[in-house]
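Asker: Next comes the structure file data37.cif, holding mmCIF, C-alpha atoms.
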data_query
loop_
_atom_site.group_PDB
_atom_site.id
_atom_site.type_symbol
_atom_site.label_atom_id
_atom_site.label_comp_id
_atom_site.auth_asym_id
_atom_site.auth_seq_id
_atom_site.Cartn_x
_atom_site.Cartn_y
_atom_site.Cartn_z
ATOM 1 C CA MET J 20 45.887 34.333 4.032
ATOM 2 C CA ASP J 21 42.427 33.248 5.045
ATOM 3 C CA ASP J 22 40.221 35.843 6.502
ATOM 4 C CA PRO J 23 38.620 34.373 9.656
ATOM 5 C CA SER J 24 35.328 36.172 9.001
ATOM 6 C CA THR J 25 34.877 34.450 5.614
ATOM 7 C CA LEU J 26 35.567 31.127 7.296
ATOM 8 C CA GLU J 27 32.775 31.878 9.691
ATOM 9 C CA THR J 28 30.255 32.607 6.991
ATOM 10 C CA TYR J 29 31.416 29.428 5.346
ATOM 11 C CA ASP J 30 30.602 27.537 8.525
ATOM 12 C CA TRP J 31 27.195 29.112 8.653
ATOM 13 C CA ALA J 32 26.585 28.118 5.080
ATOM 14 C CA ILE J 33 27.394 24.522 5.945
ATOM 15 C CA VAL J 34 25.183 24.590 9.031
ATOM 16 C CA LEU J 35 22.361 25.996 6.961
ATOM 17 C CA LEU J 36 22.896 23.380 4.290
ATOM 18 C CA VAL J 37 23.001 20.478 6.728
ATOM 19 C CA TYR J 38 19.990 21.496 8.811
ATOM 20 C CA GLY J 39 18.127 23.755 6.444
ATOM 21 C CA LEU J 40 17.928 21.406 3.505
ATOM 22 C CA PRO J 41 16.023 18.619 5.288
ATOM 23 C CA VAL J 42 13.625 21.175 6.744
ATOM 24 C CA LEU J 43 13.106 22.724 3.324
ATOM 25 C CA GLY J 44 12.591 19.238 1.939
ATOM 26 C CA LEU J 45 9.994 18.514 4.602
ATOM 27 C CA ILE J 46 8.047 21.660 3.742
ATOM 28 C CA PHE J 47 8.415 21.237 -0.015
ATOM 29 C CA PHE J 48 7.516 17.547 -0.210
ATOM 30 C CA GLY J 49 4.861 18.019 2.449
ATOM 31 C CA PHE J 50 3.063 20.500 0.221
ATOM 32 C CA ILE J 51 3.398 18.342 -2.871
ATOM 33 C CA GLY J 52 2.295 15.287 -0.922
ATOM 34 C CA ALA J 53 -0.781 17.090 0.391
ATOM 35 C CA HIS J 54 -1.638 18.135 -3.145
ATOM 36 C CA VAL J 55 -1.192 14.585 -4.473
ATOM 37 C CA GLU J 56 -3.409 13.251 -1.707
ATOM 38 C CA LYS J 57 -6.093 15.838 -2.362
ATOM 39 C CA LYS J 58 -6.124 15.011 -6.047
ATOM 40 C CA HIS J 59 -6.257 11.294 -5.325
ATOM 41 C CA TYR J 60 -9.216 11.724 -2.970
ATOM 42 C CA ALA J 61 -11.041 13.798 -5.583
ATOM 43 C CA SER J 62 -10.502 11.049 -8.138
ATOM 44 C CA ILE J 63 -11.596 8.355 -5.653
ATOM 45 C CA ARG J 64 -14.812 10.231 -4.851
ATOM 46 C CA ALA J 65 -15.666 10.808 -8.490
ATOM 47 C CA ARG J 66 -15.073 7.186 -9.448
ATOM 48 C CA GLU J 67 -16.962 5.918 -6.409
ATOM 49 C CA ALA J 68 -19.948 7.965 -7.452
ATOM 50 C CA ALA J 69 -19.662 6.591 -10.989
ATOM 51 C CA THR J 70 -19.553 2.959 -9.858
ATOM 52 C CA ALA J 71 -22.003 3.225 -6.980
ATOM 53 C CA ARG J 72 -24.440 0.873 -8.695
ATOM 54 C CA LEU J 73 -22.108 -2.111 -8.460
ATOM 55 C CA PRO J 74 -22.175 -3.352 -4.867
ATOM 56 C CA ILE J 75 -19.329 -5.280 -3.313
ATOM 57 C CA MET J 76 -20.138 -7.726 -0.578
ATOM 58 C CA ALA J 77 -17.988 -9.730 1.767
ATOM 59 C CA SER J 78 -20.363 -12.661 2.202
ATOM 60 C CA ARG J 79 -19.870 -15.924 0.391
ATOM 61 C CA THR J 80 -23.372 -16.908 -0.509
ATOM 62 C CA LEU J 81 -25.835 -15.335 -2.870
ATOM 63 C CA GLU J 82 -29.446 -15.398 -1.823
ATOM 64 C CA SER J 83 -30.901 -13.416 -4.647
ATOM 65 C CA GLY J 84 -32.500 -16.453 -6.312
ATOM 66 C CA ARG J 85 -31.634 -14.994 -9.683
ATOM 67 C CA THR J 86 -30.015 -17.002 -12.452
ATOM 68 C CA VAL J 87 -26.320 -16.412 -12.811
ATOM 69 C CA ALA J 88 -24.979 -15.995 -16.326
ATOM 70 C CA GLU J 89 -21.316 -15.608 -15.506
ATOM 71 C CA ALA J 90 -19.034 -15.747 -12.496
ATOM 72 C CA ARG J 91 -15.361 -14.981 -12.622
ATOM 73 C CA LEU J 92 -12.512 -14.055 -10.364
ATOM 74 C CA VAL J 93 -11.403 -10.416 -10.365
ATOM 75 C CA VAL J 94 -8.203 -9.209 -8.716
ATOM 76 C CA ALA J 95 -6.804 -5.727 -8.215
ATOM 77 C CA GLU J 96 -3.548 -4.543 -6.726
ATOM 78 C CA VAL J 97 -2.354 -1.166 -5.558
ATOM 79 C CA MET J 98 0.667 0.153 -3.746
ATOM 80 C CA ILE J 99 0.613 3.633 -2.263
ATOM 81 C CA SER J 100 3.182 5.480 -0.237
ATOM 82 C CA HIS J 101 3.385 8.465 2.024
ATOM 83 C CA ASP J 102 5.181 11.720 1.404
ATOM 84 C CA TYR J 103 8.387 12.634 3.217
ATOM 85 C CA PHE J 104 6.695 15.028 5.623
ATOM 86 C CA LYS J 105 4.027 12.611 6.780
ATOM 87 C CA ARG J 106 6.563 9.874 7.196
ATOM 88 C CA PHE J 107 8.555 12.207 9.406
ATOM 89 C CA LEU J 108 5.434 12.946 11.491
ATOM 90 C CA ALA J 109 4.748 9.235 11.775
ATOM 91 C CA GLN J 110 8.261 8.588 13.005
ATOM 92 C CA LEU J 111 7.864 11.310 15.626
ATOM 93 C CA ARG J 112 4.576 9.790 16.680
ATOM 94 C CA ASN J 113 6.203 6.414 16.840
ATOM 95 C CA PHE J 114 8.601 7.781 19.425
ATOM 96 C CA PHE J 115 5.938 9.239 21.701
ATOM 97 C CA GLY J 116 3.280 6.635 21.009
ATOM 98 C CA GLY J 117 -0.355 7.186 20.228
ATOM 99 C CA ARG J 118 -2.510 7.285 17.194
ATOM 100 C CA ILE J 119 -0.722 7.918 13.917
ATOM 101 C CA ARG J 120 -3.278 9.958 12.062
ATOM 102 C CA SER J 121 -1.331 10.258 8.836
ATOM 103 C CA TYR J 122 -1.497 6.498 8.365
ATOM 104 C CA ASP J 123 -5.298 6.515 8.462
ATOM 105 C CA THR J 124 -5.522 8.313 5.156
ATOM 106 C CA LEU J 125 -2.821 6.141 3.620
ATOM 107 C CA MET J 126 -4.642 2.899 4.416
ATOM 108 C CA ASP J 127 -7.964 4.431 3.460
ATOM 109 C CA ARG J 128 -6.676 5.590 0.080
ATOM 110 C CA ALA J 129 -5.062 2.242 -0.706
ATOM 111 C CA ARG J 130 -8.134 0.166 0.156
ATOM 112 C CA ARG J 131 -10.601 2.421 -1.606
ATOM 113 C CA GLU J 132 -8.402 2.560 -4.697
ATOM 114 C CA ALA J 133 -8.143 -1.238 -4.750
ATOM 115 C CA LEU J 134 -11.921 -1.632 -4.473
ATOM 116 C CA LEU J 135 -12.424 0.861 -7.289
ATOM 117 C CA ARG J 136 -10.028 -1.037 -9.526
ATOM 118 C CA LEU J 137 -11.927 -4.205 -8.741
ATOM 119 C CA LYS J 138 -15.134 -2.537 -9.859
ATOM 120 C CA GLU J 139 -13.528 -1.113 -12.983
ATOM 121 C CA GLN J 140 -12.426 -4.612 -13.941
ATOM 122 C CA SER J 141 -15.959 -5.910 -13.768
ATOM 123 C CA PRO J 142 -17.905 -4.071 -16.434
ATOM 124 C CA GLY J 143 -21.385 -5.492 -16.814
ATOM 125 C CA ALA J 144 -21.275 -7.308 -13.479
ATOM 126 C CA SER J 145 -24.239 -7.099 -11.119
ATOM 127 C CA ILE J 146 -22.400 -7.746 -7.894
ATOM 128 C CA ILE J 147 -18.968 -8.633 -6.586
ATOM 129 C CA ALA J 148 -19.200 -11.376 -3.991
ATOM 130 C CA ASN J 149 -16.817 -12.706 -1.368
ATOM 131 C CA LEU J 150 -14.455 -9.767 -1.220
ATOM 132 C CA ARG J 151 -11.065 -10.468 0.325
ATOM 133 C CA LEU J 152 -8.433 -7.899 1.136
ATOM 134 C CA GLU J 153 -4.835 -8.858 1.585
ATOM 135 C CA THR J 154 -2.125 -6.508 2.792
ATOM 136 C CA VAL J 155 1.352 -7.121 1.483
ATOM 137 C CA CYS J 156 4.580 -5.896 2.942
ATOM 138 C CA ILE J 157 7.499 -5.512 0.582
ATOM 139 C CA SER J 158 10.441 -4.921 2.819
ATOM 140 C CA THR J 159 13.287 -2.689 1.824
ATOM 141 C CA GLN J 160 17.012 -2.701 2.300
ATOM 142 C CA ARG J 161 16.827 -0.337 5.226
ATOM 143 C CA LYS J 162 15.295 -1.662 8.388
ATOM 144 C CA ASN J 163 12.072 -0.076 9.668
ATOM 145 C CA ALA J 164 11.600 1.866 6.458
ATOM 146 C CA ILE J 165 7.966 1.489 5.527
ATOM 147 C CA VAL J 166 7.874 2.161 1.827
ATOM 148 C CA GLY J 167 4.127 2.156 1.671
ATOM 149 C CA VAL J 168 1.128 -0.070 1.825
ATOM 150 C CA SER J 169 0.113 -2.513 -0.842
ATOM 151 C CA ILE J 170 -3.273 -4.127 -1.066
ATOM 152 C CA VAL J 171 -4.487 -7.081 -3.090
ATOM 153 C CA ALA J 172 -8.276 -7.138 -3.355
ATOM 154 C CA TYR J 173 -10.141 -9.990 -4.954
ATOM 155 C CA GLY J 174 -13.628 -11.313 -5.313
ATOM 156 C CA THR J 175 -16.018 -13.005 -7.701
ATOM 157 C CA ALA J 176 -17.780 -10.782 -10.202
ATOM 158 C CA ILE J 177 -21.255 -12.096 -10.885
ATOM 159 C CA ARG J 178 -23.469 -11.213 -13.787
ATOM 160 C CA TYR J 179 -27.141 -12.124 -13.609
ATOM 161 C CA VAL J 180 -29.139 -13.105 -16.660
ATOM 162 C CA MET B 28 -5.036 -4.556 -15.869
ATOM 163 C CA THR B 29 -6.503 -7.604 -17.465
ATOM 164 C CA PRO B 30 -8.224 -10.228 -15.367
ATOM 165 C CA PRO B 31 -6.669 -13.675 -15.377
ATOM 166 C CA VAL B 32 -7.983 -14.734 -18.758
ATOM 167 C CA LEU B 33 -8.107 -18.470 -18.838
ATOM 168 C CA ASN B 34 -11.015 -19.175 -21.100
ATOM 169 C CA ASP B 35 -11.285 -22.887 -20.565
ATOM 170 C CA ILE B 36 -11.049 -22.723 -16.780
ATOM 171 C CA VAL B 37 -13.573 -20.949 -14.574
ATOM 172 C CA LEU B 38 -12.098 -19.260 -11.517
ATOM 173 C CA THR B 39 -14.085 -18.076 -8.513
ATOM 174 C CA ASN B 40 -13.355 -17.453 -4.880
ATOM 175 C CA LEU B 41 -16.783 -18.722 -3.883
ATOM 176 C CA GLU B 42 -17.306 -22.274 -2.733
ATOM 177 C CA THR B 43 -19.257 -23.096 -5.861
ATOM 178 C CA VAL B 44 -19.583 -21.764 -9.358
ATOM 179 C CA PRO B 45 -22.919 -19.953 -9.269
ATOM 180 C CA GLY B 46 -25.296 -21.294 -11.869
ATOM 181 C CA ARG B 47 -23.241 -24.430 -12.423
ATOM 182 C CA GLN B 48 -23.108 -27.811 -10.761
ATOM 183 C CA ILE B 49 -19.918 -29.324 -9.362
ATOM 184 C CA VAL B 50 -19.699 -32.956 -10.458
ATOM 185 C CA GLU B 51 -16.233 -33.909 -9.325
ATOM 186 C CA HIS B 52 -13.569 -32.734 -6.859
ATOM 187 C CA TYR B 53 -9.890 -33.085 -7.635
ATOM 188 C CA GLY B 54 -8.452 -31.520 -4.496
ATOM 189 C CA LEU B 55 -6.031 -28.711 -3.790
ATOM 190 C CA VAL B 56 -4.132 -26.930 -6.516
ATOM 191 C CA SER B 57 -1.692 -24.139 -5.831
ATOM 192 C CA GLY B 58 0.884 -21.906 -7.419
ATOM 193 C CA SER B 59 3.464 -19.632 -5.931
ATOM 194 C CA THR B 60 6.020 -17.132 -7.116
ATOM 195 C CA VAL B 61 8.598 -14.943 -5.455
ATOM 196 C CA ARG B 62 9.316 -11.694 -7.236
ATOM 197 C CA ALA B 63 11.789 -8.926 -6.673
ATOM 198 C CA LYS B 64 12.002 -5.592 -8.384
ATOM 199 C CA HIS B 65 15.140 -4.472 -10.133
ATOM 200 C CA VAL B 66 17.329 -1.637 -8.908
ATOM 201 C CA GLY B 67 15.937 0.875 -11.401
ATOM 202 C CA ARG B 68 12.467 0.411 -10.001
ATOM 203 C CA ASP B 69 13.848 0.692 -6.508
ATOM 204 C CA ILE B 70 15.368 4.063 -7.271
ATOM 205 C CA ALA B 71 12.247 5.300 -9.012
ATOM 206 C CA ALA B 72 10.169 4.156 -6.059
ATOM 207 C CA SER B 73 12.409 5.873 -3.546
ATOM 208 C CA LEU B 74 12.069 9.131 -5.485
ATOM 209 C CA LYS B 75 8.307 8.752 -5.686
ATOM 210 C CA ASN B 76 8.384 7.987 -2.009
ATOM 211 C CA LEU B 77 9.277 11.612 -1.295
ATOM 212 C CA VAL B 78 6.023 13.010 -2.626
ATOM 213 C CA GLY B 79 3.817 10.030 -1.909
ATOM 214 C CA GLY B 80 1.216 8.508 -4.154
ATOM 215 C CA GLU B 81 1.052 5.304 -6.086
ATOM 216 C CA LEU B 82 4.303 3.418 -6.643
ATOM 217 C CA ARG B 83 3.532 1.965 -10.042
ATOM 218 C CA GLY B 84 6.636 -0.195 -10.171
ATOM 219 C CA TYR B 85 5.517 -2.036 -7.076
ATOM 220 C CA THR B 86 1.921 -2.285 -8.231
ATOM 221 C CA GLU B 87 3.159 -3.910 -11.444
ATOM 222 C CA LEU B 88 5.395 -6.213 -9.453
ATOM 223 C CA LEU B 89 2.396 -7.413 -7.500
ATOM 224 C CA GLN B 90 0.338 -7.762 -10.644
ATOM 225 C CA GLU B 91 2.948 -9.891 -12.390
ATOM 226 C CA ALA B 92 3.392 -12.053 -9.313
ATOM 227 C CA ARG B 93 -0.338 -12.582 -9.004
ATOM 228 C CA LYS B 94 -0.693 -13.482 -12.677
ATOM 229 C CA GLU B 95 2.150 -15.956 -12.550
ATOM 230 C CA SER B 96 0.971 -17.720 -9.404
ATOM 231 C CA THR B 97 -2.555 -17.927 -10.815
ATOM 232 C CA GLU B 98 -1.247 -19.389 -14.051
ATOM 233 C CA ARG B 99 0.713 -22.022 -12.165
ATOM 234 C CA MET B 100 -2.323 -22.953 -10.152
ATOM 235 C CA VAL B 101 -4.418 -23.200 -13.303
ATOM 236 C CA ALA B 102 -1.767 -25.346 -15.001
ATOM 237 C CA GLN B 103 -2.033 -27.804 -12.124
ATOM 238 C CA ALA B 104 -5.807 -27.830 -12.366
ATOM 239 C CA ARG B 105 -5.637 -28.403 -16.096
ATOM 240 C CA ALA B 106 -3.255 -31.324 -15.617
ATOM 241 C CA LEU B 107 -5.799 -32.904 -13.296
ATOM 242 C CA GLY B 108 -8.507 -32.561 -15.913
ATOM 243 C CA ALA B 109 -10.464 -29.924 -14.025
ATOM 244 C CA ASN B 110 -12.442 -27.193 -15.738
ATOM 245 C CA ALA B 111 -12.818 -24.878 -12.747
ATOM 246 C CA VAL B 112 -11.008 -23.795 -9.608
ATOM 247 C CA VAL B 113 -13.209 -22.715 -6.724
ATOM 248 C CA ASN B 114 -12.562 -21.131 -3.336
ATOM 249 C CA ILE B 115 -9.394 -19.425 -4.527
ATOM 250 C CA ARG B 116 -7.318 -17.612 -1.921
ATOM 251 C CA TYR B 117 -4.270 -15.418 -2.278
ATOM 252 C CA SER B 118 -1.719 -15.304 0.447
ATOM 253 C CA THR B 119 1.355 -13.118 0.619
ATOM 254 C CA SER B 120 4.575 -13.023 2.543
ATOM 255 C CA SER B 121 7.851 -11.168 2.251
ATOM 256 C CA VAL B 122 10.506 -13.839 2.217
ATOM 257 C CA ALA B 123 13.505 -11.681 1.385
ATOM 258 C CA GLN B 124 14.376 -8.014 1.291
ATOM 259 C CA GLY B 125 12.740 -6.295 -1.626
ATOM 260 C CA ALA B 126 10.892 -9.424 -2.656
ATOM 261 C CA ALA B 127 7.342 -10.592 -2.210
ATOM 262 C CA GLU B 128 5.842 -14.022 -2.409
ATOM 263 C CA LEU B 129 2.365 -14.505 -3.750
ATOM 264 C CA TYR B 130 0.734 -17.835 -3.179
ATOM 265 C CA ALA B 131 -2.528 -18.810 -4.832
ATOM 266 C CA TYR B 132 -4.501 -21.888 -3.899
ATOM 267 C CA GLY B 133 -7.910 -23.339 -4.518
ATOM 268 C CA THR B 134 -9.905 -26.482 -5.132
ATOM 269 C CA ALA B 135 -9.890 -27.991 -8.604
ATOM 270 C CA VAL B 136 -13.315 -29.232 -9.627
ATOM 271 C CA LYS B 137 -15.234 -30.337 -12.668
ATOM 272 C CA ILE B 138 -18.419 -28.423 -13.340
ATOM 273 C CA ALA B 139 -21.294 -29.367 -15.561
#
Please re-express this file's structure in C-alpha cells.

Answerer:
Amino acid sequence: MDDPSTLETYDWAIVLLVYGLPVLGLIFFGFIGAHVEKKHYASIRAREAATARLPIMASRTLESGRTVAEARLVVAEVMISHDYFKRFLAQLRNFFGGRIRSYDTLMDRARREALLRLKEQSPGASIIANLRLETVCISTQRKNAIVGVSIVAYGTAIRYV
Amino acid sequence: MTPPVLNDIVLTNLETVPGRQIVEHYGLVSGSTVRAKHVGRDIAASLKNLVGGELRGYTELLQEARKESTERMVAQARALGANAVVNIRYSTSSVAQGAAELYAYGTAVKIA
C-alpha cells in the first residue's frame, strides 16, 4: 500500500516545516524589522533637525527673566515594539547574560519619538520646561513576553511674549 | 493628538504658573483610570509585533487613559473652585494583564 520512501519524504517535509518555518520567519521578519527601524531613524533625524530650535529642558525653574505669555501642559505617548528576530536575539542574550544591544535602539527610538511628539504639540512655544519621562509596562497574557516599550513624556510648553 | 484642552483651567507641571501669581491653594487633586485594550487590538498588536515598529493601538490606549485621568483631575479642581492645577505628575502601573493604570495628580490653585 504505502511506499516507505514516500513516507520518508513526508517526514522530511514535516521536519522542514517545523524547524524551517521559524528560521525563515526569523530571517524574513528580521529583514523587515531592520528596514522599519532604518526608516524610523531617518524620520526621527529629519524631524529632530526641523525642531532643533525648540529646546527641552528637565529643570523646573526658568531663569530667563523674560515675560511669559502662555504656559500649558503638553503630553505625548508612544509605544514601540521589536521585531521577531531581535526579540529572539534578546531572549538568547537573556540566557547567557550580558548587554542586550538590540534593546538600546528600542528604548532610544521610543524616547526620541516621544520627545519629538512633545515638540510637535507645542507650535509657537519657546521652550519646554520640566520634562518628565515615564515608562509604562502593559503586560500581556503570556508571562515574560515583552510586547514593547511605551513612554509617556510630559512637560510645560512656555511661550515668551 | 490634541493637548488636554481645558480652556478655563491652566495646567502646568511646574510649581507655579509662569507669568501668573498664585493667590490660593486648594490642595491635592487627582484622577485615575484603568484601561484595557480589546481583543481585536491585541491581535493586531501581536501581528505588528513580528515586524516591530509603533503599536498604534497601544499608543491610543495610553492616550485615552491619559486624557480621561486628566479630565477627572480637572473636574475635581473645578469643583474646588480652582482655575489652575500646578505640579502635575503622571504615574503608571500595570494592575492587571493587558491593562494599564494612569494616575494624574497635582495641586489645585487659584491664579490671578

Asker: By how many Å are atom CA of B:Ile49 and atom CA of B:Ala106 apart?

Answerer: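 Those two atoms sit 17.9 Å apart.
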
Asker: For B:Leu55, which residue among B:Ala139, B:Ala123, B:Val112, B:Ala102 is the nearest when counting all atoms listed in the file?

Answerer: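 Nearest candidate to B:Leu55 out of B:Ala139, B:Ala123, B:Val112, B:Ala102: B:Val112.
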
Asker: To one decimal in Å, tell me the separation between atom CA of J:Asp102 and atom CA of J:Phe114.

Answerer: 18.8 Å

Asker: Could you spell out the hits of the PyMOL selection byres ((chain B and resi 95) around 10) on the shown file, as a list of chain:residue names?

Answerer: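 With the PyMOL selection byres ((chain B and resi 95) around 10) on this model, the match is B:Pro31, B:Gly58, B:Ser59, B:Thr60, B:Val61, B:Arg62, B:Leu89, B:Gln90, B:Glu91, B:Ala92, B:Arg93, B:Lys94, B:Ser96, B:Thr97, B:Glu98, B:Arg99, B:Met100, B:Val101, B:Leu129, B:Tyr130, B:Ala131.
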
Asker: J:Ile177, J:Val42, J:Ala32, J:Ile63: which is nearest J:Ala133, counting all atoms listed in the file?

Answerer: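 Nearest candidate to J:Ala133 out of J:Ile177, J:Val42, J:Ala32, J:Ile63: J:Ile63.
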
Asker: Nearest residue to chain J out of B:Thr134, B:Gln48, B:Thr39, B:Gln103, using all atoms listed in the file?

Answerer: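 Closest to chain J of all the choices is B:Thr39.
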
Asker: Return as a PyMOL selection string the residues belonging to chain B that are within 8 Å of chain J, counting all atoms listed in the file.

Answerer: chain B and resi 28-31+37-42+44-46+73+76-83+85-86+89-90+117-121+123-127

Asker: Would you export the selected residues with C-alpha atoms as a short mmCIF file (atom, residue, chain, number, x, y, z; two decimals), in the frame of the given file, please?

Answerer:
data_model
loop_
_atom_site.label_atom_id
_atom_site.label_comp_id
_atom_site.auth_asym_id
_atom_site.auth_seq_id
_atom_site.Cartn_x
_atom_site.Cartn_y
_atom_site.Cartn_z
CA MET B 28 -5.04 -4.56 -15.87
CA THR B 29 -6.50 -7.60 -17.46
CA PRO B 30 -8.22 -10.23 -15.37
CA PRO B 31 -6.67 -13.68 -15.38
CA VAL B 37 -13.57 -20.95 -14.57
CA LEU B 38 -12.10 -19.26 -11.52
CA THR B 39 -14.08 -18.08 -8.51
CA ASN B 40 -13.36 -17.45 -4.88
CA LEU B 41 -16.78 -18.72 -3.88
CA GLU B 42 -17.31 -22.27 -2.73
CA VAL B 44 -19.58 -21.76 -9.36
CA PRO B 45 -22.92 -19.95 -9.27
CA GLY B 46 -25.30 -21.29 -11.87
CA SER B 73 12.41 5.87 -3.55
CA ASN B 76 8.38 7.99 -2.01
CA LEU B 77 9.28 11.61 -1.30
CA VAL B 78 6.02 13.01 -2.63
CA GLY B 79 3.82 10.03 -1.91
CA GLY B 80 1.22 8.51 -4.15
CA GLU B 81 1.05 5.30 -6.09
CA LEU B 82 4.30 3.42 -6.64
CA ARG B 83 3.53 1.96 -10.04
CA TYR B 85 5.52 -2.04 -7.08
CA THR B 86 1.92 -2.28 -8.23
CA LEU B 89 2.40 -7.41 -7.50
CA GLN B 90 0.34 -7.76 -10.64
CA TYR B 117 -4.27 -15.42 -2.28
CA SER B 118 -1.72 -15.30 0.45
CA THR B 119 1.36 -13.12 0.62
CA SER B 120 4.58 -13.02 2.54
CA SER B 121 7.85 -11.17 2.25
CA ALA B 123 13.50 -11.68 1.38
CA GLN B 124 14.38 -8.01 1.29
CA GLY B 125 12.74 -6.30 -1.63
CA ALA B 126 10.89 -9.42 -2.66
CA ALA B 127 7.34 -10.59 -2.21
#

Asker: Find the distance between atom CA of B:Asn114 and atom CA of B:His52 and write it in Å to one decimal.

Answerer: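 Spanning atom CA of B:Asn114 to atom CA of B:His52 is a straight-line distance of 12.2 Å.
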
Asker: Given the point (-6.1, -29.0, -10.1) in the coordinates of this file, which residues lie within 6 Å, counting all atoms listed in the file, and how would they look as a list in words?

Answerer: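 Those within range, by chain then number, are Val56, Gln103, Ala104, Leu107, Ala109 and Ala135 of chain B.
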